[in-house]
Structure formats: structure tokens, C-alpha cells
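What follows is a set of notes on a single structure, which appears directly below.
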Amino acid sequence: MNDDILKVLYSKQDIDAIIKRLAGEISRDYAGKNPLVVCILKGAIMFMTDLVRELDEYVELDFMDVSSYGNATESSGEVKVIKDLDTSVAGRDVLIVEDIVDTGRTLSYLIKIFKTRDAKSIKVCTLMDKPDRRIKTVEADYVGTQVPNEFVVGYGLDYAERYRNLPYIGVLKPEIYQN
Ligand SMILES: O=P(O)(O)OC[C@H]1O[C@H](OP(=O)(O)OP(=O)(O)O)[C@H](O)[C@@H]1O
Ligand code: HPA
Ligand SMILES: [Mg+2]
């Protein structure tokens, strides 16, 4: 295990089981719909690529890069679009794929944008939900698992751009970000 990790919350096997369940629900709900799956970079990259390989239906993929955390463990409060979609969402069934919903700022911003762009439907699939920290009232339609109010890293999630490539999700030792 990486020395900076206090404890592992979800092993790769745990994550795979969560993804299989979510993929079953999504495949059932989107049968015949050809949704546009929008991966929110960078955190959701591992989750999205594993999730779509478990889906039965045709999907299209696009990517949007938004950021509010910079190199910190607290949201700056301002969400910035760093890379926009290539695809028009007008008239499309959009499935936003997120790694984590924390304060909810990122998600509420994205939903607002996609509504103004006339998406036919907007749903959200998140691997993790951290409801204790919510500032914006927003809920995902598909939730992998709820996590406690701790800063988690791995499987796409970073602290200061590190730990994204860990194959598991763990809690970072507080001394790493307190120093
Ligand atoms: O609910 P919130 O408080 O808005 O937090 C959740 C968002 O924050 C993280 O992204 P971040 O801005 O760190 O960018 P990254 O995915 O590139 O790490 C995470 O991947 C979510 O997108
Ligand atoms: O717990 C977290 N870990 C990493 N990135 C995050 N972005 C929001 N919450 C988190
Ligand atoms: Mg981040």
C-alpha cells in the first residue's frame, strides 16, 4: 500500500462489484436510447472507462474538464470549465459520470449548463457520494456508494494531482495535506 494512505475504503474488487450493479441499472433504464455519456475530467476517468465497458447498450462518449479544487482539499467555490464538450447536448439523453459528489457545486453547475443547452434528459451517475459536505442541493440518480466526511484519493481522485493511479480508493493521511 502507498505510504500516504491511512486506510483503504474500497479495493478494486469492491469497485468492480459496485460498477457491475450500476451498469445493470443504467443498461435497463437506457435500453434503446443511445445516451451521451459525459465524463467529468479528470477524476471520473477511471470510473467512466470501467463503467461503459459493462453497459449493454450503444452509448456515445464525450469529456468535459471542470475544476474547483485546484491543489487543495477544500473547494474554491468557483467552478471553471477547462475543456468543453465536442458534442451538442441539445435533444440528447445525457448521463453525467462523476467520481464524487461532495459540496455539490460541480454537479449543480453542470446540470445548469446542460439545461440551458436543451438536453432532452439529464441524469447523473457518481461512484461516490459524500452527503455530509453538501452545500448545493443536488442528488445523483445512480450512486455507487456513500463515503464518510474524509478526503479520499485513488482510482482517479487526486490530492494536488497525485494518487489518481492508485487502483483502490483510500483515505489520505491528514498530515499529507496539513503540512
Ligand atoms: O461536489 P464538489 O465539491 O464540487 O466536488 C466534486 C468534484 O471535485 C472533484 O473535481 P476537481 O475539481 O478536483 O477536478 P479533478 O476531477 O480534475 O480532480 C471531483 O472529481 C468532482 O468533479
Ligand atoms: O474527497 C475528495 N477527494 C478528492 N477529490 C475530491 N473532490 C471533492 N471531494 C474530493
Ligand atoms: Mg481534484
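Each chain of the C-alpha cells is named A, B, ... in the order shown, its residues numbered from 1; ligands are numbered from 1 in display order.
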
Shell of 6 Å around ligand 1 (only C-alpha atoms and all ligand atoms), written as a PyMOL selection string = chain A and resi 41-43+67-69+75+98-106+157-158

message = Please return, as a VMD selection string, all residues of segment 26-126 of chain A that DSSP assigns to strand (DSSP E) on the basis of the backbone.
response = chain A and resid 36 to 41 60 to 67 80 to 83 93 to 101 121 to 126

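Among A:Phe151, A:Tyr177, A:Tyr163, A:Tyr142, the residue with the shortest atom-to-atom distance to ligand 2, counting only C-alpha atoms and all ligand atoms, is A:Phe151.
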
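Note that atom CA of Ile45 of chain A and atom CA of Asn165 of chain A are 10.5 Å apart.
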
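Taking atom CA of Arg133 of chain A and atom 6 (C, counted along the ligand's line) of ligand 2 as endpoints, the distance between them is 11.2 Å.
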
remark   = Using only C-alpha atoms, the best pick from A:Ile19, A:Leu51, A:Leu9, A:Ala72 as closest to Arg162 of chain A would be A:Ala72

request  = Name the closest residue to Asp141 of chain A among the candidates A:Lys112, A:Gly32, A:Cys125, A:Glu25; distances are taken between atoms, counting only C-alpha atoms.
outcome  = A:Cys125

request  = Write out as a VMD selection string all residues of segment 5-178 of chain A that backbone DSSP assigns to helix (DSSP H, G or I).
outcome  = chain A and resid 12 to 29 45 to 52 105 to 116 131 to 133 174 to 178

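Of the residues under consideration (A:Lys173, A:Lys136, A:Arg117, A:Lys130), A:Lys130 shows the shortest atom-to-atom contact distance to ligand 2 when counting only C-alpha atoms and all ligand atoms.
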
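With only C-alpha atoms and all ligand atoms as the basis for measurement, A:Asp65 is the residue among A:Asp132, A:Asp65, A:Asp14, A:Glu60 that approaches ligand 3 most closely.
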